[in-house]
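Engineer: Input entry.pdb, format and content: PDB, C-alpha atoms.
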```pdb
ATOM      1  CA  MET A   1     -19.023 -26.553   8.047  1.00  0.00           C
ATOM      2  CA  LYS A   2     -18.631 -25.115   4.540  1.00  0.00           C
ATOM      3  CA  ARG A   3     -20.436 -21.993   5.679  1.00  0.00           C
ATOM      4  CA  PHE A   4     -17.997 -21.545   8.543  1.00  0.00           C
ATOM      5  CA  TYR A   5     -14.955 -21.812   6.257  1.00  0.00           C
ATOM      6  CA  CYS A   6     -16.551 -19.449   3.735  1.00  0.00           C
ATOM      7  CA  PHE A   7     -17.345 -16.875   6.439  1.00  0.00           C
ATOM      8  CA  PHE A   8     -13.886 -17.236   7.988  1.00  0.00           C
ATOM      9  CA  GLY A   9     -12.230 -16.846   4.579  1.00  0.00           C
ATOM     10  CA  MET A  10     -14.236 -13.707   3.809  1.00  0.00           C
ATOM     11  CA  PHE A  11     -13.332 -12.265   7.210  1.00  0.00           C
ATOM     12  CA  ILE A  12      -9.594 -12.865   6.700  1.00  0.00           C
ATOM     13  CA  PHE A  13      -9.764 -11.543   3.104  1.00  0.00           C
ATOM     14  CA  GLY A  14     -11.578  -8.378   4.251  1.00  0.00           C
ATOM     15  CA  PHE A  15      -9.199  -7.793   7.151  1.00  0.00           C
ATOM     16  CA  TYR A  16      -6.090  -8.229   4.990  1.00  0.00           C
ATOM     17  CA  PHE A  17      -7.269  -5.894   2.255  1.00  0.00           C
ATOM     18  CA  SER A  18      -8.482  -3.213   4.671  1.00  0.00           C
ATOM     19  CA  GLN A  19      -4.831  -2.565   5.562  1.00  0.00           C
ATOM     20  CA  ILE A  20      -2.541  -0.313   3.528  1.00  0.00           C
ATOM     21  CA  LYS A  21       1.205  -0.973   3.285  1.00  0.00           C
ATOM     22  CA  VAL A  22       2.886   2.403   3.770  1.00  0.00           C
ATOM     23  CA  ASN A  23       6.635   1.779   3.574  1.00  0.00           C
ATOM     24  CA  LYS A  24       9.077   0.792   0.808  1.00  0.00           C
ATOM     25  CA  ARG A  25      10.953  -2.056   2.528  1.00  0.00           C
ATOM     26  CA  LYS A  26       9.846  -5.633   2.086  1.00  0.00           C
ATOM     27  CA  ASP A  27      11.780  -7.192   4.968  1.00  0.00           C
ATOM     28  CA  VAL A  28      10.176  -4.902   7.578  1.00  0.00           C
ATOM     29  CA  GLU A  29       6.639  -3.928   6.601  1.00  0.00           C
ATOM     30  CA  ILE A  30       4.410  -1.208   8.061  1.00  0.00           C
ATOM     31  CA  PHE A  31       0.651  -1.420   7.523  1.00  0.00           C
ATOM     32  CA  LEU A  32      -1.954   1.235   8.298  1.00  0.00           C
ATOM     33  CA  MET A  33      -4.697  -0.800   9.952  1.00  0.00           C
ATOM     34  CA  ASP A  34      -7.441   1.276   8.255  1.00  0.00           C
ATOM     35  CA  SER A  35      -8.216   1.579   4.558  1.00  0.00           C
ATOM     36  CA  THR A  36      -9.012   5.313   4.772  1.00  0.00           C
ATOM     37  CA  VAL A  37      -8.229   8.373   6.883  1.00  0.00           C
ATOM     38  CA  SER A  38     -10.638  11.099   8.001  1.00  0.00           C
ATOM     39  CA  MET A  39      -9.842  14.639   9.136  1.00  0.00           C
ATOM     40  CA  GLU A  40     -12.135  14.399  12.175  1.00  0.00           C
ATOM     41  CA  ARG A  41     -10.550  11.183  13.402  1.00  0.00           C
ATOM     42  CA  TYR A  42      -7.051  12.547  12.802  1.00  0.00           C
ATOM     43  CA  LEU A  43      -7.836  15.532  15.032  1.00  0.00           C
ATOM     44  CA  ASP A  44      -9.439  13.437  17.794  1.00  0.00           C
ATOM     45  CA  ALA A  45      -6.707  12.400  20.251  1.00  0.00           C
ATOM     46  CA  ASN A  46      -8.861   9.490  21.483  1.00  0.00           C
ATOM     47  CA  LYS A  47      -9.178   7.908  18.026  1.00  0.00           C
ATOM     48  CA  VAL A  48      -5.599   7.308  16.943  1.00  0.00           C
ATOM     49  CA  TYR A  49      -4.501   5.404  13.863  1.00  0.00           C
ATOM     50  CA  LYS A  50      -2.850   2.074  14.525  1.00  0.00           C
ATOM     51  CA  TYR A  51      -0.083   0.537  12.458  1.00  0.00           C
ATOM     52  CA  LYS A  52       1.140  -3.030  12.296  1.00  0.00           C
ATOM     53  CA  ILE A  53       4.900  -3.469  11.939  1.00  0.00           C
ATOM     54  CA  VAL A  54       6.111  -6.900  10.808  1.00  0.00           C
ATOM     55  CA  ASN A  55       9.810  -7.782  11.029  1.00  0.00           C
ATOM     56  CA  HIS A  56      10.740 -10.621   8.650  1.00  0.00           C
ATOM     57  CA  THR A  57      14.475 -10.315   9.408  1.00  0.00           C
ATOM     58  CA  ASP A  58      16.922 -11.666  11.973  1.00  0.00           C
ATOM     59  CA  ASN A  59      17.716  -8.110  13.131  1.00  0.00           C
ATOM     60  CA  ASN A  60      16.367  -6.145  16.094  1.00  0.00           C
ATOM     61  CA  TYR A  61      15.301  -2.578  15.268  1.00  0.00           C
ATOM     62  CA  ILE A  62      14.823   0.714  17.100  1.00  0.00           C
ATOM     63  CA  ILE A  63      11.864   2.789  15.895  1.00  0.00           C
ATOM     64  CA  ASP A  64      10.937   6.244  17.132  1.00  0.00           C
ATOM     65  CA  PRO A  65       7.144   6.599  16.665  1.00  0.00           C
ATOM     66  CA  GLN A  66       7.680  10.364  16.333  1.00  0.00           C
ATOM     67  CA  GLY A  67      10.760   9.958  14.127  1.00  0.00           C
ATOM     68  CA  PHE A  68       8.942   9.906  10.793  1.00  0.00           C
ATOM     69  CA  ARG A  69       9.685  13.245   9.095  1.00  0.00           C
ATOM     70  CA  GLY A  70       8.252  14.421   5.837  1.00  0.00           C
ATOM     71  CA  LYS A  71       5.296  16.040   4.133  1.00  0.00           C
ATOM     72  CA  THR A  72       1.697  15.076   3.546  1.00  0.00           C
ATOM     73  CA  TYR A  73      -0.156  16.606   0.615  1.00  0.00           C
ATOM     74  CA  VAL A  74      -3.934  16.636   0.262  1.00  0.00           C
ATOM     75  CA  TYR A  75      -5.455  16.132  -3.190  1.00  0.00           C
ATOM     76  CA  GLU A  76      -9.023  16.917  -4.227  1.00  0.00           C
ATOM     77  CA  CYS A  77     -10.102  15.168  -7.450  1.00  0.00           C
ATOM     78  CA  SER A  78      -6.414  14.606  -8.403  1.00  0.00           C
ATOM     79  CA  GLU A  79      -5.553  18.312  -7.933  1.00  0.00           C
ATOM     80  CA  LEU A  80      -3.417  19.593  -5.060  1.00  0.00           C
ATOM     81  CA  TYR A  81      -5.841  21.021  -2.486  1.00  0.00           C
ATOM     82  CA  SER A  82      -4.319  24.381  -1.612  1.00  0.00           C
ATOM     83  CA  ARG A  83      -7.134  25.978   0.425  1.00  0.00           C
ATOM     84  CA  PRO A  84      -6.718  24.768   3.992  1.00  0.00           C
ATOM     85  CA  GLU A  85      -9.135  26.157   6.562  1.00  0.00           C
ATOM     86  CA  LYS A  86      -6.760  26.391   9.497  1.00  0.00           C
ATOM     87  CA  MET A  87      -3.381  25.240  10.685  1.00  0.00           C
ATOM     88  CA  ILE A  88      -3.134  22.298  13.069  1.00  0.00           C
ATOM     89  CA  PRO A  89      -0.738  23.364  15.849  1.00  0.00           C
ATOM     90  CA  LYS A  90       1.909  20.800  16.686  1.00  0.00           C
ATOM     91  CA  GLY A  91       4.604  21.006  19.263  1.00  0.00           C
ATOM     92  CA  TYR A  92       7.727  19.032  19.904  1.00  0.00           C
ATOM     93  CA  TYR A  93       9.481  18.452  23.162  1.00  0.00           C
ATOM     94  CA  SER A  94      12.893  17.433  24.351  1.00  0.00           C
ATOM     95  CA  ARG A  95      13.117  13.955  25.869  1.00  0.00           C
ATOM     96  CA  ASP A  96      15.077  12.751  28.864  1.00  0.00           C
ATOM     97  CA  LEU A  97      16.192   9.145  29.418  1.00  0.00           C
ATOM     98  CA  GLU A  98      12.856   8.022  30.905  1.00  0.00           C
ATOM     99  CA  ASP A  99      10.973   9.537  27.942  1.00  0.00           C
ATOM    100  CA  CYS A 100      13.326   7.744  25.556  1.00  0.00           C
ATOM    101  CA  LYS A 101      12.707   4.392  27.241  1.00  0.00           C
ATOM    102  CA  GLU A 102       8.958   5.001  27.127  1.00  0.00           C
ATOM    103  CA  ASP A 103       8.781   6.368  23.560  1.00  0.00           C
ATOM    104  CA  PHE A 104      11.117   4.181  21.502  1.00  0.00           C
ATOM    105  CA  LEU A 105       9.800   0.931  20.047  1.00  0.00           C
ATOM    106  CA  LEU A 106      12.059  -2.111  20.140  1.00  0.00           C
ATOM    107  CA  LEU A 107      11.145  -4.464  17.308  1.00  0.00           C
ATOM    108  CA  LYS A 108      12.637  -7.898  17.888  1.00  0.00           C
ATOM    109  CA  LYS A 109      13.618 -10.244  15.058  1.00  0.00           C
ATOM    110  CA  LYS A 110      10.738 -12.137  13.414  1.00  0.00           C
ATOM    111  CA  ASP A 111       8.251 -10.198  15.573  1.00  0.00           C
ATOM    112  CA  SER A 112       5.322  -7.898  14.931  1.00  0.00           C
ATOM    113  CA  LEU A 113       3.846  -4.959  16.841  1.00  0.00           C
ATOM    114  CA  ILE A 114       0.611  -3.003  16.649  1.00  0.00           C
ATOM    115  CA  VAL A 115       1.449   0.588  17.592  1.00  0.00           C
ATOM    116  CA  GLU A 116       0.687   4.268  17.083  1.00  0.00           C
ATOM    117  CA  LEU A 117       3.050   6.101  14.711  1.00  0.00           C
ATOM    118  CA  ASP A 118       3.165   9.744  13.681  1.00  0.00           C
ATOM    119  CA  ILE A 119       3.337   9.122   9.924  1.00  0.00           C
ATOM    120  CA  LEU A 120       0.450  11.214   8.567  1.00  0.00           C
ATOM    121  CA  ASN A 121       1.973  14.643   9.404  1.00  0.00           C
ATOM    122  CA  ILE A 122      -1.090  16.645   8.330  1.00  0.00           C
ATOM    123  CA  GLU A 123      -0.342  20.326   9.018  1.00  0.00           C
ATOM    124  CA  PHE A 124      -3.678  21.920   8.079  1.00  0.00           C
ATOM    125  CA  PHE A 125      -7.364  21.212   8.479  1.00  0.00           C
ATOM    126  CA  TYR A 126      -9.186  20.795   5.162  1.00  0.00           C
ATOM    127  CA  HIS A 127     -12.931  20.974   4.571  1.00  0.00           C
ATOM    128  CA  ILE A 128     -13.798  17.663   2.925  1.00  0.00           C
ATOM    129  CA  LYS A 129     -16.911  17.662   0.745  1.00  0.00           C
ATOM    130  CA  PRO A 130     -18.832  14.360   0.545  1.00  0.00           C
ATOM    131  CA  ASN A 131     -19.409  14.611  -3.223  1.00  0.00           C
ATOM    132  CA  LYS A 132     -15.689  14.808  -4.159  1.00  0.00           C
ATOM    133  CA  SER A 133     -12.817  12.354  -3.905  1.00  0.00           C
ATOM    134  CA  TYR A 134      -9.753  13.081  -1.779  1.00  0.00           C
ATOM    135  CA  TYR A 135      -6.502  11.363  -0.924  1.00  0.00           C
ATOM    136  CA  LEU A 136      -3.323  12.002   1.044  1.00  0.00           C
ATOM    137  CA  ASP A 137       0.055  11.734  -0.647  1.00  0.00           C
ATOM    138  CA  ILE A 138       2.471  10.906   2.172  1.00  0.00           C
ATOM    139  CA  GLU A 139       6.247  11.223   1.822  1.00  0.00           C
ATOM    140  CA  SER A 140       8.303  10.555   4.917  1.00  0.00           C
ATOM    141  CA  LYS A 141      11.465   8.903   6.166  1.00  0.00           C
ATOM    142  CA  HIS A 142      12.849   7.378   9.345  1.00  0.00           C
ATOM    143  CA  ASN A 143      16.562   7.107  10.058  1.00  0.00           C
ATOM    144  CA  GLU A 144      19.067   7.784  12.846  1.00  0.00           C
ATOM    145  CA  TYR A 145      18.893  11.546  12.287  1.00  0.00           C
ATOM    146  CA  THR A 146      15.088  11.751  12.433  1.00  0.00           C
ATOM    147  CA  ALA A 147      14.946   9.351  15.396  1.00  0.00           C
ATOM    148  CA  THR A 148      17.173  11.598  17.520  1.00  0.00           C
ATOM    149  CA  LEU A 149      15.754  15.034  16.633  1.00  0.00           C
ATOM    150  CA  LEU A 150      13.937  15.155  19.982  1.00  0.00           C
ATOM    151  CA  GLY A 151      16.895  13.803  21.926  1.00  0.00           C
ATOM    152  CA  CYS A 152      17.816  10.262  23.009  1.00  0.00           C
ATOM    153  CA  THR A 153      21.184  10.063  21.217  1.00  0.00           C
ATOM    154  CA  ASP A 154      22.907   8.397  24.186  1.00  0.00           C
ATOM    155  CA  TYR A 155      20.024   5.962  24.705  1.00  0.00           C
ATOM    156  CA  LEU A 156      20.086   5.046  21.008  1.00  0.00           C
ATOM    157  CA  LYS A 157      23.863   4.465  21.072  1.00  0.00           C
ATOM    158  CA  ASN A 158      23.447   2.212  24.115  1.00  0.00           C
ATOM    159  CA  LEU A 159      20.821   0.128  22.294  1.00  0.00           C
ATOM    160  CA  GLU A 160      23.093  -0.148  19.248  1.00  0.00           C
ATOM    161  CA  LYS A 161      25.809  -1.593  21.520  1.00  0.00           C
ATOM    162  CA  GLN A 162      23.264  -4.255  22.517  1.00  0.00           C
ATOM    163  CA  GLY A 163      22.822  -5.278  18.864  1.00  0.00           C
ATOM    164  CA  TYR A 164      19.858  -3.137  17.799  1.00  0.00           C
ATOM    165  CA  LYS A 165      19.832  -1.229  14.521  1.00  0.00           C
ATOM    166  CA  VAL A 166      18.047   2.025  13.816  1.00  0.00           C
ATOM    167  CA  PHE A 167      15.156   1.387  11.452  1.00  0.00           C
ATOM    168  CA  GLU A 168      15.785   3.126   8.112  1.00  0.00           C
ATOM    169  CA  ASP A 169      13.063   3.411   5.513  1.00  0.00           C
ATOM    170  CA  GLN A 170      10.960   5.701   3.373  1.00  0.00           C
ATOM    171  CA  ILE A 171       7.223   6.144   3.448  1.00  0.00           C
ATOM    172  CA  ARG A 172       5.644   6.835   0.073  1.00  0.00           C
ATOM    173  CA  VAL A 173       1.947   6.079  -0.131  1.00  0.00           C
ATOM    174  CA  ARG A 174      -1.432   7.433  -1.176  1.00  0.00           C
ATOM    175  CA  VAL A 175      -4.242   6.985   1.323  1.00  0.00           C
ATOM    176  CA  PRO A 176      -7.908   7.744   0.623  1.00  0.00           C
ATOM    177  CA  LEU A 177      -9.273  10.648   2.686  1.00  0.00           C
ATOM    178  CA  LYS A 178     -12.927  10.538   3.603  1.00  0.00           C
ATOM    179  CA  PRO A 179     -15.222  13.186   5.098  1.00  0.00           C
TER     180      PRO A 179
END
```
How does the structure come out when it is put into structure tokens?

Structural biologist:
Amino acid sequence: MKRFYCFFGMFIFGFYFSQIKVNKRKDVEIFLMDSTVSMERYLDANKVYKYKIVNHTDNNYIIDPQGFRGKTYVYECSELYSRPEKMIPKGYYSRDLEDCKEDFLLLKKKDSLIVELDILNIEFFYHIKPNKSYYLDIESKHNEYTATLLGCTDYLKNLEKQGYKVFEDQIRVRVPLKP
């Protein structure tokens, strides 16, 4: 029985510390479910990064998964990596009411969600060498302005009338980047 508890404890310890908290707030926390990021996985649409959002408050929040706006810088051995190989094309679209209902996340009070968020915002592809260390320096924010850049203002106002609040926070984190 001791072995079971030891194994279970190690599993929980490993799982907890393989997550990276990415946001500033303490009452609503966002965790990257991986301990590192890779360029190949970021570019592969089938291998998305998952985030866990935990709401410790008595408020209901509206989160736009595409509403995180900011910059991501790549560092090689603590120096800004300024030699990208190619640009990663990204497009944005305008949303109608059905898109808004499908896209927006509704985080209920004292609840948690595991979701996909567009926080990384990597604009270029970088050649990562296995013998050097790399990390991403991510600066981003989410507020009412960034949540409605692609539309959905009326839908958001309707949700606010129902008691929801727009999630407001800043992302400021360093994440290891692996080959």

Engineer: Counting only C-alpha atoms, what is within 10 Å of Arg172 of chain A, bar same-chain residues fewer than 3 positions away, as a ChimeraX atom specification?

Structural biologist: /A:21-24,70,72,137-141,169,175

Engineer: In Å, rounded to a single decimal, give me how far atom CA of Arg69 of chain A is from atom CA of Glu102 of chain A.

Structural biologist: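 Separation between atom CA of Glu102 of chain A and atom CA of Arg69 of chain A: 19.8 Å.
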
Engineer: Taking 5 positions as the minimum chain separation for residues in the same chain, which residues sit within 8 Å of Cys100 of chain A when counting only C-alpha atoms? Answer as JSON, numbers by chain.

Structural biologist: {"A": [95, 151, 152, 155]}

Engineer: So which residues touch Tyr75 of chain A within 12 Å, counting all atoms listed in the file, skipping near sequence neighbours fewer than 6 positions away, as an NGL selection string?

Structural biologist: :A and (81-84 or 126-128 or 132-138 or 174-178)

Engineer: Tell me, in Å to one decimal, how far atom CA of Lys157 of chain A is from atom CA of Leu32 of chain A.

Structural biologist: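 It comes out at 29.0 Å.
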
Engineer: Could you tell me how far atom CA of Gly67 of chain A sits from atom CA of Thr148 of chain A, in Å to one decimal place?

Structural biologist: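 Between these atoms lies a distance of 7.4 Å.
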
Engineer: Would you pick out the contacts of segment 52-57 of chain A at 10 Å or less, using all atoms listed in the file, so that residues sharing its chain but fewer than 5 positions from it are not included, and give the list as a ChimeraX atom specification?

Structural biologist: /A:19-21,26-33,107-117

Engineer: Give me the residues near Glu168 of chain A as a PyMOL selection string, where near means some atom within 8 Å (using all atoms listed in the file) and where sequence neighbours in that chain fewer than 5 positions away do not count.

Structural biologist: chain A and resi 141-144

Engineer: Take the PyMOL selection byres ((chain A and resi 62) around 8), apply it to the structure above, and return the hits as a tab-separated table (two decimals) with C-alpha atoms, in the frame of the given file.

Structural biologist:
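Below is the file that was written, part02.tsv:
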```tsv
chain	number	residue	atom	x	y	z
A	60	ASN	CA	16.37	-6.14	16.09
A	61	TYR	CA	15.30	-2.58	15.27
A	63	ILE	CA	11.86	2.79	15.90
A	64	ASP	CA	10.94	6.24	17.13
A	104	PHE	CA	11.12	4.18	21.50
A	105	LEU	CA	9.80	0.93	20.05
A	106	LEU	CA	12.06	-2.11	20.14
A	107	LEU	CA	11.14	-4.46	17.31
A	156	LEU	CA	20.09	5.05	21.01
A	159	LEU	CA	20.82	0.13	22.29
A	164	TYR	CA	19.86	-3.14	17.80
A	165	LYS	CA	19.83	-1.23	14.52
A	166	VAL	CA	18.05	2.02	13.82
A	167	PHE	CA	15.16	1.39	11.45
```

Engineer: What would the list of residues within 10 Å of (0.8, 12.8, 12.5) (file frame) look like as a list in words, if all atoms listed in the file are what count?

Structural biologist: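 Here is the list of nearby residues: Tyr42, Leu43, Val48, Tyr49, Pro65, Gln66, Phe68, Arg69, Thr72, Lys90, Glu116, Leu117, Asp118, Ile119, Leu120, Asn121, Ile122 and Glu123 of chain A.
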
Engineer: Looking at all atoms listed in the file, which of A:Val74, A:Val173, A:Leu97, A:Pro130 is the one that sits closest to Leu150 of chain A?

Structural biologist: A:Leu97

Engineer: For a quick check of understanding, using all atoms listed in the file, which of A:Arg25, A:Glu85, A:Phe124, A:Asp58 has the smallest distance to Tyr73 of chain A?

Structural biologist: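 Closest candidate: A:Phe124.
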